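With mmCIF, C-alpha atoms inside, this is coords15.cif:
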```
data_work
loop_
_atom_site.group_PDB
_atom_site.id
_atom_site.type_symbol
_atom_site.label_atom_id
_atom_site.label_comp_id
_atom_site.auth_asym_id
_atom_site.auth_seq_id
_atom_site.Cartn_x
_atom_site.Cartn_y
_atom_site.Cartn_z
ATOM 1 C CA MET G 1 10.764 9.640 -8.717
ATOM 2 C CA LEU G 2 9.165 6.710 -10.536
ATOM 3 C CA SER G 3 6.147 7.379 -12.710
ATOM 4 C CA ALA G 4 2.820 5.883 -11.666
ATOM 5 C CA GLU G 5 3.152 3.111 -14.249
ATOM 6 C CA GLU G 6 6.737 2.318 -13.246
ATOM 7 C CA PHE G 7 5.657 2.213 -9.612
ATOM 8 C CA TYR G 8 2.761 -0.055 -10.561
ATOM 9 C CA SER G 9 4.983 -2.362 -12.615
ATOM 10 C CA GLN G 10 7.395 -2.855 -9.722
ATOM 11 C CA LEU G 11 4.580 -3.761 -7.327
ATOM 12 C CA ILE G 12 3.110 -6.167 -9.883
ATOM 13 C CA LYS G 13 6.461 -7.963 -10.054
ATOM 14 C CA ASP G 14 6.360 -8.361 -6.268
ATOM 15 C CA ILE G 15 2.849 -9.791 -6.440
ATOM 16 C CA GLN G 16 3.645 -12.181 -9.272
ATOM 17 C CA SER G 17 6.795 -13.452 -7.550
ATOM 18 C CA ASN G 18 4.889 -13.865 -4.279
ATOM 19 C CA GLN G 19 7.234 -11.387 -2.587
ATOM 20 C CA LEU G 20 4.476 -9.030 -1.513
ATOM 21 C CA VAL G 21 3.983 -8.556 2.231
ATOM 22 C CA LEU G 22 0.942 -6.523 3.254
ATOM 23 C CA PRO G 23 1.078 -4.510 6.476
ATOM 24 C CA THR G 24 -0.844 -5.160 9.676
ATOM 25 C CA LEU G 25 -0.955 -2.624 12.505
ATOM 26 C CA PRO G 26 1.210 -3.765 15.450
ATOM 27 C CA GLU G 27 -1.582 -3.575 18.019
ATOM 28 C CA VAL G 28 -3.925 -5.557 15.770
ATOM 29 C CA ALA G 29 -1.226 -8.123 15.071
ATOM 30 C CA LEU G 30 -0.490 -8.596 18.767
ATOM 31 C CA LYS G 31 -4.174 -8.980 19.616
ATOM 32 C CA VAL G 32 -4.537 -11.644 16.922
ATOM 33 C CA ARG G 33 -1.438 -13.437 18.174
ATOM 34 C CA ASP G 34 -2.647 -13.411 21.773
ATOM 35 C CA THR G 35 -6.051 -14.744 20.724
ATOM 36 C CA VAL G 36 -4.782 -17.654 18.632
ATOM 37 C CA GLU G 37 -2.332 -18.641 21.355
ATOM 38 C CA ASN G 38 -5.146 -18.910 23.909
ATOM 39 C CA GLU G 39 -6.178 -22.571 24.059
ATOM 40 C CA ASP G 40 -9.561 -21.685 25.596
ATOM 41 C CA VAL G 41 -10.896 -19.609 22.705
ATOM 42 C CA SER G 42 -13.356 -20.995 20.166
ATOM 43 C CA ALA G 43 -12.834 -21.249 16.415
ATOM 44 C CA LYS G 44 -15.431 -18.497 15.970
ATOM 45 C CA GLU G 45 -13.507 -16.174 18.307
ATOM 46 C CA VAL G 46 -10.355 -16.836 16.318
ATOM 47 C CA ALA G 47 -12.180 -16.118 13.059
ATOM 48 C CA ASP G 48 -13.662 -12.929 14.489
ATOM 49 C CA VAL G 49 -10.325 -11.486 15.543
ATOM 50 C CA ILE G 50 -8.642 -12.417 12.243
ATOM 51 C CA SER G 51 -11.510 -10.671 10.447
ATOM 52 C CA THR G 52 -10.454 -7.348 11.967
ATOM 53 C CA ASP G 53 -7.561 -7.080 9.530
ATOM 54 C CA ALA G 54 -7.747 -7.103 5.737
ATOM 55 C CA ALA G 55 -4.194 -8.311 5.171
ATOM 56 C CA LEU G 56 -4.431 -11.258 7.569
ATOM 57 C CA SER G 57 -7.901 -12.195 6.306
ATOM 58 C CA ALA G 58 -6.753 -12.191 2.702
ATOM 59 C CA ARG G 59 -3.640 -14.248 3.385
ATOM 60 C CA LEU G 60 -5.436 -16.866 5.489
ATOM 61 C CA ILE G 61 -8.037 -17.395 2.763
ATOM 62 C CA GLN G 62 -5.215 -17.635 0.251
ATOM 63 C CA VAL G 63 -3.575 -20.378 2.333
ATOM 64 C CA ALA G 64 -6.882 -22.235 2.826
ATOM 65 C CA ASN G 65 -7.364 -22.317 -0.952
ATOM 66 C CA SER G 66 -3.779 -23.316 -1.693
ATOM 67 C CA PRO G 67 -3.017 -26.778 -3.173
ATOM 68 C CA MET G 68 -1.890 -28.039 0.235
ATOM 69 C CA TYR G 69 -5.285 -27.453 1.874
ATOM 70 C CA ARG G 70 -7.701 -27.066 -1.033
ATOM 71 C CA GLY G 71 -10.891 -29.072 -0.755
ATOM 72 C CA ASN G 72 -13.766 -29.619 -3.147
ATOM 73 C CA LYS G 73 -15.161 -26.156 -2.502
ATOM 74 C CA GLN G 74 -13.594 -22.721 -2.706
ATOM 75 C CA ILE G 75 -13.195 -21.037 0.684
ATOM 76 C CA GLU G 76 -15.139 -17.777 0.792
ATOM 77 C CA ASP G 77 -14.863 -16.501 4.370
ATOM 78 C CA ILE G 78 -12.629 -16.601 7.434
ATOM 79 C CA GLN G 79 -14.757 -18.894 9.588
ATOM 80 C CA THR G 80 -14.834 -21.554 6.868
ATOM 81 C CA ALA G 81 -11.078 -21.160 6.394
ATOM 82 C CA VAL G 82 -10.489 -21.790 10.109
ATOM 83 C CA ALA G 83 -12.788 -24.815 9.984
ATOM 84 C CA ARG G 84 -10.914 -26.283 7.013
ATOM 85 C CA LEU G 85 -7.433 -25.661 8.387
ATOM 86 C CA GLY G 86 -8.221 -26.675 11.955
ATOM 87 C CA PHE G 87 -7.425 -24.657 15.045
ATOM 88 C CA THR G 88 -3.810 -25.784 15.432
ATOM 89 C CA THR G 89 -2.873 -25.166 11.808
ATOM 90 C CA THR G 90 -4.693 -21.825 11.828
ATOM 91 C CA ARG G 91 -2.814 -20.790 14.955
ATOM 92 C CA ASP G 92 0.548 -21.731 13.449
ATOM 93 C CA ILE G 93 -0.163 -20.001 10.137
ATOM 94 C CA VAL G 94 -1.540 -16.837 11.715
ATOM 95 C CA THR G 95 1.350 -16.592 14.169
ATOM 96 C CA GLY G 96 3.768 -16.705 11.251
ATOM 97 C CA LEU G 97 1.767 -14.200 9.227
ATOM 98 C CA VAL G 98 1.499 -11.813 12.163
ATOM 99 C CA MET G 99 5.252 -11.741 12.603
ATOM 100 C CA GLN G 100 5.771 -11.335 8.877
ATOM 101 C CA GLN G 101 3.184 -8.616 8.342
ATOM 102 C CA MET G 102 3.551 -6.492 11.497
ATOM 103 C CA PHE G 103 4.117 -2.974 10.215
ATOM 104 C CA GLN G 104 6.207 -0.532 12.224
ATOM 105 C CA ALA G 105 5.875 2.673 10.249
ATOM 106 C CA THR G 106 8.955 4.862 10.190
ATOM 107 C CA SER G 107 6.970 7.842 8.972
ATOM 108 C CA GLU G 108 3.923 9.638 10.306
ATOM 109 C CA VAL G 109 2.816 9.936 6.683
ATOM 110 C CA THR G 110 2.443 6.182 6.173
ATOM 111 C CA ASP G 111 1.295 5.457 9.731
ATOM 112 C CA LYS G 112 -1.569 7.946 9.449
ATOM 113 C CA ARG G 113 -2.729 6.550 6.136
ATOM 114 C CA LEU G 114 -2.504 2.929 7.212
ATOM 115 C CA ARG G 115 -4.594 3.617 10.304
ATOM 116 C CA HIS G 116 -7.154 5.495 8.243
ATOM 117 C CA ILE G 117 -7.417 2.617 5.746
ATOM 118 C CA TRP G 118 -7.851 0.117 8.571
ATOM 119 C CA GLU G 119 -10.573 2.136 10.309
ATOM 120 C CA HIS G 120 -12.340 2.940 7.054
ATOM 121 C CA SER G 121 -12.227 -0.661 5.844
ATOM 122 C CA THR G 122 -13.726 -2.003 9.062
ATOM 123 C CA GLN G 123 -16.477 0.608 8.883
ATOM 124 C CA VAL G 124 -17.302 -0.252 5.255
ATOM 125 C CA ALA G 125 -17.210 -3.962 6.117
ATOM 126 C CA SER G 126 -19.742 -3.548 8.919
ATOM 127 C CA ILE G 127 -22.074 -1.408 6.801
ATOM 128 C CA SER G 128 -21.787 -3.877 3.908
ATOM 129 C CA GLN G 129 -22.855 -6.728 6.168
ATOM 130 C CA VAL G 130 -25.912 -4.822 7.377
ATOM 131 C CA LEU G 131 -26.865 -3.741 3.860
ATOM 132 C CA CYS G 132 -26.535 -7.355 2.749
ATOM 133 C CA SER G 133 -28.973 -8.504 5.443
ATOM 134 C CA GLN G 134 -31.445 -5.703 4.764
ATOM 135 C CA PHE G 135 -31.568 -5.626 0.988
ATOM 136 C CA THR G 136 -30.175 -8.828 -0.540
ATOM 137 C CA LYS G 137 -29.961 -12.592 -0.395
ATOM 138 C CA LEU G 138 -26.192 -12.516 -0.725
ATOM 139 C CA LYS G 139 -23.923 -13.986 1.946
ATOM 140 C CA LYS G 140 -23.270 -11.718 4.943
ATOM 141 C CA ASP G 141 -19.782 -13.084 5.558
ATOM 142 C CA GLN G 142 -18.881 -12.463 1.943
ATOM 143 C CA ALA G 143 -20.254 -8.933 2.110
ATOM 144 C CA MET G 144 -18.167 -8.187 5.189
ATOM 145 C CA LEU G 145 -15.039 -9.655 3.594
ATOM 146 C CA ALA G 146 -15.657 -7.612 0.440
ATOM 147 C CA GLY G 147 -15.875 -4.428 2.484
ATOM 148 C CA LEU G 148 -12.790 -5.333 4.468
ATOM 149 C CA VAL G 149 -10.570 -5.860 1.411
ATOM 150 C CA HIS G 150 -11.982 -3.221 -0.940
ATOM 151 C CA ASP G 151 -8.985 -0.897 -0.404
ATOM 152 C CA ILE G 152 -6.369 -3.629 -0.039
ATOM 153 C CA GLY G 153 -4.514 -2.322 -3.090
ATOM 154 C CA ALA G 154 -3.456 0.760 -1.110
ATOM 155 C CA LEU G 155 -1.409 -1.278 1.362
ATOM 156 C CA PRO G 156 1.558 -2.249 -0.857
ATOM 157 C CA ILE G 157 1.817 1.370 -1.991
ATOM 158 C CA LEU G 158 2.298 2.480 1.617
ATOM 159 C CA VAL G 159 4.895 -0.239 2.212
ATOM 160 C CA ALA G 160 6.833 0.823 -0.880
ATOM 161 C CA ALA G 161 6.592 4.490 0.105
ATOM 162 C CA GLU G 162 8.487 3.736 3.329
ATOM 163 C CA ASP G 163 11.634 3.257 1.222
ATOM 164 C CA MET G 164 11.084 6.356 -0.926
ATOM 165 C CA PRO G 165 11.845 9.563 1.044
ATOM 166 C CA GLU G 166 10.998 11.748 -1.937
ATOM 167 C CA LEU G 167 7.499 10.263 -2.016
ATOM 168 C CA LEU G 168 6.989 10.680 1.729
ATOM 169 C CA GLU G 169 7.853 14.351 1.329
ATOM 170 C CA ASP G 170 5.269 14.755 -1.432
ATOM 171 C CA GLU G 171 2.002 13.672 0.178
ATOM 172 C CA ALA G 172 -0.108 14.936 -2.712
ATOM 173 C CA THR G 173 1.715 12.618 -5.109
ATOM 174 C CA LEU G 174 1.444 9.712 -2.673
ATOM 175 C CA ASP G 175 -2.311 10.202 -2.349
ATOM 176 C CA LYS G 176 -2.613 10.481 -6.134
ATOM 177 C CA LEU G 177 -0.746 7.195 -6.560
ATOM 178 C CA ILE G 178 -3.016 5.490 -4.027
ATOM 179 C CA LYS G 179 -6.172 6.779 -5.701
ATOM 180 C CA GLU G 180 -4.995 5.921 -9.206
ATOM 181 C CA LEU G 181 -3.410 2.530 -8.584
ATOM 182 C CA HIS G 182 -5.156 0.841 -5.656
ATOM 183 C CA PRO G 183 -8.129 -0.585 -7.636
ATOM 184 C CA ARG G 184 -5.842 -2.312 -10.142
ATOM 185 C CA LEU G 185 -3.431 -3.500 -7.469
ATOM 186 C CA GLY G 186 -6.257 -4.746 -5.272
ATOM 187 C CA LYS G 187 -7.694 -6.826 -8.089
ATOM 188 C CA MET G 188 -4.272 -8.243 -8.937
ATOM 189 C CA ILE G 189 -3.597 -9.183 -5.299
ATOM 190 C CA LEU G 190 -6.935 -10.921 -4.800
ATOM 191 C CA GLU G 191 -6.788 -12.715 -8.153
ATOM 192 C CA SER G 192 -3.249 -13.933 -7.485
ATOM 193 C CA TRP G 193 -4.467 -15.255 -4.129
ATOM 194 C CA HIS G 194 -7.383 -17.058 -5.836
ATOM 195 C CA PHE G 195 -10.224 -15.074 -4.327
ATOM 196 C CA LEU G 196 -13.625 -15.484 -5.911
ATOM 197 C CA PRO G 197 -14.090 -13.241 -8.990
ATOM 198 C CA GLU G 198 -16.968 -11.365 -7.347
ATOM 199 C CA ILE G 199 -14.684 -10.309 -4.469
ATOM 200 C CA SER G 200 -11.766 -9.393 -6.739
ATOM 201 C CA ALA G 201 -14.239 -7.261 -8.694
ATOM 202 C CA VAL G 202 -14.976 -5.247 -5.545
ATOM 203 C CA ALA G 203 -11.339 -4.177 -5.256
ATOM 204 C CA ALA G 204 -11.246 -3.311 -8.964
ATOM 205 C CA GLU G 205 -14.593 -1.571 -9.431
ATOM 206 C CA HIS G 206 -15.714 0.002 -6.157
ATOM 207 C CA GLU G 207 -14.468 3.448 -7.247
ATOM 208 C CA ASP G 208 -16.550 3.455 -10.451
ATOM 209 C CA LEU G 209 -19.829 4.971 -9.251
ATOM 210 C CA SER G 210 -21.264 4.937 -12.781
ATOM 211 C CA ARG G 211 -20.959 1.136 -12.896
ATOM 212 C CA ASN G 212 -24.182 -0.693 -13.690
ATOM 213 C CA SER G 213 -23.944 -4.480 -13.783
ATOM 214 C CA GLY G 214 -27.652 -5.052 -14.429
ATOM 215 C CA ASP G 215 -30.677 -5.657 -12.258
ATOM 216 C CA GLU G 216 -29.079 -8.116 -9.823
ATOM 217 C CA ILE G 217 -27.390 -6.629 -6.759
ATOM 218 C CA ASP G 218 -23.818 -7.841 -6.297
ATOM 219 C CA TYR G 219 -21.022 -7.300 -3.783
ATOM 220 C CA VAL G 220 -19.599 -4.338 -5.699
ATOM 221 C CA ASP G 221 -22.975 -2.604 -5.351
ATOM 222 C CA LEU G 222 -23.028 -3.257 -1.609
ATOM 223 C CA VAL G 223 -19.526 -1.948 -1.046
ATOM 224 C CA GLN G 224 -20.107 1.126 -3.196
ATOM 225 C CA VAL G 225 -23.161 2.080 -1.148
ATOM 226 C CA ALA G 226 -21.415 1.237 2.138
ATOM 227 C CA ASN G 227 -18.458 3.372 1.085
ATOM 228 C CA LEU G 228 -20.737 6.329 0.344
ATOM 229 C CA GLN G 229 -22.574 5.819 3.631
ATOM 230 C CA SER G 230 -19.304 5.851 5.556
ATOM 231 C CA TYR G 231 -18.592 9.410 4.416
ATOM 232 C CA ILE G 232 -21.967 10.955 5.210
ATOM 233 C CA GLY G 233 -21.533 13.902 7.538
ATOM 234 C CA THR G 234 -17.844 14.388 6.650
ATOM 235 C CA ASN G 235 -16.004 16.806 4.364
ATOM 236 C CA HIS G 236 -14.996 14.028 1.988
ATOM 237 C CA PRO G 237 -15.969 14.640 -1.667
ATOM 238 C CA LEU G 238 -18.044 11.445 -1.691
ATOM 239 C CA ALA G 239 -20.265 12.896 1.059
ATOM 240 C CA SER G 240 -21.882 15.158 -1.527
ATOM 241 C CA VAL G 241 -22.631 12.461 -4.108
ATOM 242 C CA ASN G 242 -26.282 12.339 -5.177
ATOM 243 C CA PHE G 243 -27.562 8.802 -4.585
ATOM 244 C CA ASP G 244 -29.870 9.174 -7.597
ATOM 245 C CA ASP G 245 -26.788 9.312 -9.821
ATOM 246 C CA VAL G 246 -25.331 6.041 -8.525
ATOM 247 C CA PRO G 247 -26.827 2.871 -10.077
ATOM 248 C CA ALA G 248 -25.841 0.792 -7.028
ATOM 249 C CA CYS G 249 -27.860 3.081 -4.730
ATOM 250 C CA VAL G 250 -30.868 2.974 -7.008
ATOM 251 C CA LYS G 251 -30.710 -0.835 -7.176
ATOM 252 C CA LEU G 252 -30.860 -0.964 -3.385
ATOM 253 C CA GLY G 253 -33.806 1.437 -3.375
ATOM 254 C CA LEU G 254 -31.770 4.246 -1.862
ATOM 255 C CA GLY G 255 -32.253 6.937 -4.457
ATOM 256 C CA GLY G 256 -34.313 10.077 -4.069
ATOM 257 C CA ASP G 257 -34.716 11.321 -0.535
ATOM 258 C CA VAL G 258 -34.037 7.900 0.968
ATOM 259 C CA ASN G 259 -30.636 7.614 2.562
ATOM 260 C CA VAL G 260 -28.923 4.656 4.217
ATOM 261 C CA VAL G 261 -28.924 6.304 7.620
ATOM 262 C CA ASP G 262 -32.716 6.645 7.470
ATOM 263 C CA MET G 263 -33.318 2.949 6.993
ATOM 264 C CA ASP G 264 -34.649 0.766 9.798
ATOM 265 C CA GLY G 265 -32.622 -2.156 11.064
ATOM 266 C CA PHE G 266 -29.274 -0.500 11.577
ATOM 267 C CA GLU G 267 -29.315 -1.001 15.323
ATOM 268 C CA ASP G 268 -26.837 -3.865 14.827
ATOM 269 C CA LEU G 269 -24.314 -1.672 13.028
ATOM 270 C CA ASP G 270 -22.515 -0.386 16.113
ATOM 271 C CA ASP G 271 -22.149 -3.908 17.509
ATOM 272 C CA ILE G 272 -20.730 -5.214 14.222
ATOM 273 C CA GLN G 273 -18.278 -2.373 13.899
ATOM 274 C CA LYS G 274 -17.172 -2.668 17.530
ATOM 275 C CA SER G 275 -16.452 -6.359 16.968
ATOM 276 C CA LEU G 276 -14.325 -5.502 13.927
ATOM 277 C CA LEU G 277 -12.486 -2.652 15.619
ATOM 278 C CA GLY G 278 -11.896 -4.776 18.708
#
```
Can you give me the file's structure in the form of structure tokens?
Amino acid sequence: MLSAEEFYSQLIKDIQSNQLVLPTLPEVALKVRDTVENEDVSAKEVADVISTDAALSARLIQVANSPMYRGNKQIEDIQTAVARLGFTTTRDIVTGLVMQQMFQATSEVTDKRLRHIWEHSTQVASISQVLCSQFTKLKKDQAMLAGLVHDIGALPILVAAEDMPELLEDEATLDKLIKELHPRLGKMILESWHFLPEISAVAAEHEDLSRNSGDEIDYVDLVQVANLQSYIGTNHPLASVNFDDVPACVKLGLGGDVNVVDMDGFEDLDDIQKSLLG
């Protein structure tokens, strides 16, 4: 079996040669396809359904910022990308991406992990958006996108694992590879696709709970807190983290006995998450 660094090096080659294809769940892909092919839907509805999937969202923003479509301003969110590309071009691009990225797992091991990443990412995205509205002056769409793509580096690992039976049989090693490599891979993917540095930083730094970037709250802070919030009430190790020990929590005023679930204004959370989960 390849070492972690050898595994990482091979995936980096795929990214640098633009050979990397990130997976999208079949049912999500089909829903997106059906939506963009409906001539009666609005641009916002198209943007909303694309935003349910990290891989599609990332690739569409990459295309919108490519030399062919690049404008005077960097695209930062899905709705702006759809507006720049136009409905017809968006439909054509997304239809192609959906067919390219539809992931039919051949193993329960990879299928289970992909579905968990998708559900977790949509949950963190919705919490990030609410936290952004409650505690910052940052952009809500950016906060949601940051939450959606924070674990994007795990996706190419799962794709590669499909062709490595020895790795599928050793789930502990697979999970170790994901934990160890996904921040670096996520940053590399988003940088190679010309995402804003503050979003690429989320993929790279969201696991570092000791991170302290100064007094200003940024998107990494939001996603770190949203990630912790998503595990409250579970058996996950992050559920027992003391908020006082996490600079991002303290910056948002969530240290001590204050906890995200106690804060007012989260009545919109269920609606946001339902829209992301479809």
Do you know which residues the PyMOL selection byres ((chain G and resi 191-196) around 12) returns on this file, as a ChimeraX atom specification?
/G:12-20,55,57-67,70,73-77,142,145-146,149,153,184-190,197-204,219
Mind writing the picked residues with C-alpha atoms as an mmCIF file, in the frame of the given file?
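The result, stored in part24.cif:
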```cif
data_model
loop_
_atom_site.group_PDB
_atom_site.id
_atom_site.type_symbol
_atom_site.label_atom_id
_atom_site.label_comp_id
_atom_site.auth_asym_id
_atom_site.auth_seq_id
_atom_site.Cartn_x
_atom_site.Cartn_y
_atom_site.Cartn_z
ATOM 1 C CA ILE G 12 3.110 -6.167 -9.883
ATOM 2 C CA LYS G 13 6.461 -7.963 -10.054
ATOM 3 C CA ASP G 14 6.360 -8.361 -6.268
ATOM 4 C CA ILE G 15 2.849 -9.791 -6.440
ATOM 5 C CA GLN G 16 3.645 -12.181 -9.272
ATOM 6 C CA SER G 17 6.795 -13.452 -7.550
ATOM 7 C CA ASN G 18 4.889 -13.865 -4.279
ATOM 8 C CA GLN G 19 7.234 -11.387 -2.587
ATOM 9 C CA LEU G 20 4.476 -9.030 -1.513
ATOM 10 C CA ALA G 55 -4.194 -8.311 5.171
ATOM 11 C CA SER G 57 -7.901 -12.195 6.306
ATOM 12 C CA ALA G 58 -6.753 -12.191 2.702
ATOM 13 C CA ARG G 59 -3.640 -14.248 3.385
ATOM 14 C CA LEU G 60 -5.436 -16.866 5.489
ATOM 15 C CA ILE G 61 -8.037 -17.395 2.763
ATOM 16 C CA GLN G 62 -5.215 -17.635 0.251
ATOM 17 C CA VAL G 63 -3.575 -20.378 2.333
ATOM 18 C CA ALA G 64 -6.882 -22.235 2.826
ATOM 19 C CA ASN G 65 -7.364 -22.317 -0.952
ATOM 20 C CA SER G 66 -3.779 -23.316 -1.693
ATOM 21 C CA PRO G 67 -3.017 -26.778 -3.173
ATOM 22 C CA ARG G 70 -7.701 -27.066 -1.033
ATOM 23 C CA LYS G 73 -15.161 -26.156 -2.502
ATOM 24 C CA GLN G 74 -13.594 -22.721 -2.706
ATOM 25 C CA ILE G 75 -13.195 -21.037 0.684
ATOM 26 C CA GLU G 76 -15.139 -17.777 0.792
ATOM 27 C CA ASP G 77 -14.863 -16.501 4.370
ATOM 28 C CA GLN G 142 -18.881 -12.463 1.943
ATOM 29 C CA LEU G 145 -15.039 -9.655 3.594
ATOM 30 C CA ALA G 146 -15.657 -7.612 0.440
ATOM 31 C CA VAL G 149 -10.570 -5.860 1.411
ATOM 32 C CA GLY G 153 -4.514 -2.322 -3.090
ATOM 33 C CA ARG G 184 -5.842 -2.312 -10.142
ATOM 34 C CA LEU G 185 -3.431 -3.500 -7.469
ATOM 35 C CA GLY G 186 -6.257 -4.746 -5.272
ATOM 36 C CA LYS G 187 -7.694 -6.826 -8.089
ATOM 37 C CA MET G 188 -4.272 -8.243 -8.937
ATOM 38 C CA ILE G 189 -3.597 -9.183 -5.299
ATOM 39 C CA LEU G 190 -6.935 -10.921 -4.800
ATOM 40 C CA PRO G 197 -14.090 -13.241 -8.990
ATOM 41 C CA GLU G 198 -16.968 -11.365 -7.347
ATOM 42 C CA ILE G 199 -14.684 -10.309 -4.469
ATOM 43 C CA SER G 200 -11.766 -9.393 -6.739
ATOM 44 C CA ALA G 201 -14.239 -7.261 -8.694
ATOM 45 C CA VAL G 202 -14.976 -5.247 -5.545
ATOM 46 C CA ALA G 203 -11.339 -4.177 -5.256
ATOM 47 C CA ALA G 204 -11.246 -3.311 -8.964
ATOM 48 C CA TYR G 219 -21.022 -7.300 -3.783
#
```
I'd like to see the residues matched by the PyMOL selection byres ((chain G and resi 95-101) around 9) on this file, and ideally I'd get them as JSON, numbers by chain.
{"G": [21, 22, 23, 24, 25, 26, 29, 30, 32, 33, 36, 37, 55, 56, 59, 60, 90, 91, 92, 93, 94, 102, 103]}
Using the chain letters and numbers from the file, which residues does the PyMOL selection byres ((chain G and resi 86) around 12) grab, as a PDB file with C-alpha atoms, keeping the file's coordinate frame?
```pdb
ATOM      1  CA  VAL G  36      -4.782 -17.654  18.632  1.00  0.00           C
ATOM      2  CA  SER G  42     -13.356 -20.995  20.166  1.00  0.00           C
ATOM      3  CA  ALA G  43     -12.834 -21.249  16.415  1.00  0.00           C
ATOM      4  CA  LYS G  44     -15.431 -18.497  15.970  1.00  0.00           C
ATOM      5  CA  VAL G  46     -10.355 -16.836  16.318  1.00  0.00           C
ATOM      6  CA  ALA G  47     -12.180 -16.118  13.059  1.00  0.00           C
ATOM      7  CA  ALA G  64      -6.882 -22.235   2.826  1.00  0.00           C
ATOM      8  CA  TYR G  69      -5.285 -27.453   1.874  1.00  0.00           C
ATOM      9  CA  ILE G  78     -12.629 -16.601   7.434  1.00  0.00           C
ATOM     10  CA  GLN G  79     -14.757 -18.894   9.588  1.00  0.00           C
ATOM     11  CA  THR G  80     -14.834 -21.554   6.868  1.00  0.00           C
ATOM     12  CA  ALA G  81     -11.078 -21.160   6.394  1.00  0.00           C
ATOM     13  CA  VAL G  82     -10.489 -21.790  10.109  1.00  0.00           C
ATOM     14  CA  ALA G  83     -12.788 -24.815   9.984  1.00  0.00           C
ATOM     15  CA  ARG G  84     -10.914 -26.283   7.013  1.00  0.00           C
ATOM     16  CA  LEU G  85      -7.433 -25.661   8.387  1.00  0.00           C
ATOM     17  CA  PHE G  87      -7.425 -24.657  15.045  1.00  0.00           C
ATOM     18  CA  THR G  88      -3.810 -25.784  15.432  1.00  0.00           C
ATOM     19  CA  THR G  89      -2.873 -25.166  11.808  1.00  0.00           C
ATOM     20  CA  THR G  90      -4.693 -21.825  11.828  1.00  0.00           C
ATOM     21  CA  ARG G  91      -2.814 -20.790  14.955  1.00  0.00           C
ATOM     22  CA  ASP G  92       0.548 -21.731  13.449  1.00  0.00           C
ATOM     23  CA  ILE G  93      -0.163 -20.001  10.137  1.00  0.00           C
ATOM     24  CA  VAL G  94      -1.540 -16.837  11.715  1.00  0.00           C
TER      25      VAL G  94
END
```
For segment 28-93 of chain G against segment 116-122 of chain G, with a cut-off of 9 Å and counting all atoms listed in the file, what is the closest atom pair and its distance in Å to one decimal for every residue that makes the cut, ordered by chain and number, as a tab-separated table?
```
residue	atom	partner	partner_atom	distance
G:Thr52	CA	G:Thr122	CA	6.9
G:Asp53	CA	G:Trp118	CA	7.3
G:Ala54	CA	G:Trp118	CA	7.8
```
In the coordinates of the file, take the point (9.6, 8.2, 0.6) and a cut-off of 12 Å; then, counting all atoms listed in the file, name each qualifying protein, DNA or RNA residue as a list in words.
Met1, Leu2, Ala105, Thr106, Ser107, Glu108, Val109, Thr110, Ile157, Leu158, Val159, Ala160, Ala161, Glu162, Asp163, Met164, Pro165, Glu166, Leu167, Leu168, Glu169, Asp170, Glu171, Thr173 and Leu174 of chain G
From G:Asp34, G:Glu6, G:Glu205, G:Glu180, residue lying nearest Ile50 of chain G [all atoms listed in the file]:
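Ranked by minimum distance to Ile50 of chain G, first place goes to G:Asp34.
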With the cut-off set at 8 Å and counting only C-alpha atoms, tabulate each residue of segment 85-134 of chain G with an atom at most that distance from an atom of segment 227-232 of chain G, showing the nearest atom pair and its distance in Å to one decimal, ordered by chain and increasing number, as JSON lines.
```
{"residue": "G:His120", "atom": "CA", "partner": "G:Ser230", "partner_atom": "CA", "distance": 7.7}
{"residue": "G:Gln123", "atom": "CA", "partner": "G:Ser230", "partner_atom": "CA", "distance": 6.8}
{"residue": "G:Val124", "atom": "CA", "partner": "G:Asn227", "partner_atom": "CA", "distance": 5.6}
{"residue": "G:Ile127", "atom": "CA", "partner": "G:Ser230", "partner_atom": "CA", "distance": 7.9}
```
For the selection you just gave me, I'd like the residues written to a file as a PDB file, in the coordinates of the input, keeping C-alpha atoms.
```pdb
ATOM      1  CA  HIS G 120     -12.340   2.940   7.054  1.00  0.00           C
ATOM      2  CA  GLN G 123     -16.477   0.608   8.883  1.00  0.00           C
ATOM      3  CA  VAL G 124     -17.302  -0.252   5.255  1.00  0.00           C
ATOM      4  CA  ILE G 127     -22.074  -1.408   6.801  1.00  0.00           C
TER       5      ILE G 127
END
```
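When only C-alpha atoms are used to measure the gap to Gln129 of chain G, the shortest distance among G:Ala172, G:Val225, G:Leu181, G:Ala154 belongs to G:Val225.
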Report, in Å with one decimal, the straight-line distance from atom CA of Lys176 of chain G to atom CA of Ser128 of chain G.
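Between atom CA of Lys176 of chain G and atom CA of Ser128 of chain G the gap is 26.0 Å.
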I need the residue nearest Cys249 of chain G from this list: G:Val49, G:Leu138, G:Leu131, G:Ala125. Use only C-alpha atoms for the distance.
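Of G:Val49, G:Leu138, G:Leu131, G:Ala125, the one nearest Cys249 of chain G, counting only C-alpha atoms, is G:Leu131.
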Find the axis-aligned box for segment 128-137 of chain G, covering all its listed atoms and adding 3 Å on each side, and write its centre and edge lengths in Å to one decimal as lines of an AutoDock Vina configuration file.
```
center_x = -26.7
center_y = -8.2
center_z = 3.4
size_x = 15.8
size_y = 14.9
size_z = 13.9
```
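For the pair atom CA of Asp215 of chain G and atom CA of Ile152 of chain G, the separation is 27.3 Å.
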Nearest to Ala143 of chain G by atom-to-atom distance, counting only C-alpha atoms, from G:Gln10, G:Ser210, G:Gln104, G:Ser126
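Using only C-alpha atoms, the shortest distance to Ala143 of chain G belongs to G:Ser126.
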Show which residues sit within 12 Å of Gly214 of chain G, as an MDAnalysis selection string. Count all atoms listed in the file, and ignore same-chain residues fewer than 6 positions away.
chainID G and resid 220:221 247:248 250:251
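Of the residues listed (G:Ala4, G:Met68, G:Leu252, G:Leu11), G:Leu252 shows the shortest atom-to-atom separation from Asp218 of chain G; distances use all atoms listed in the file.
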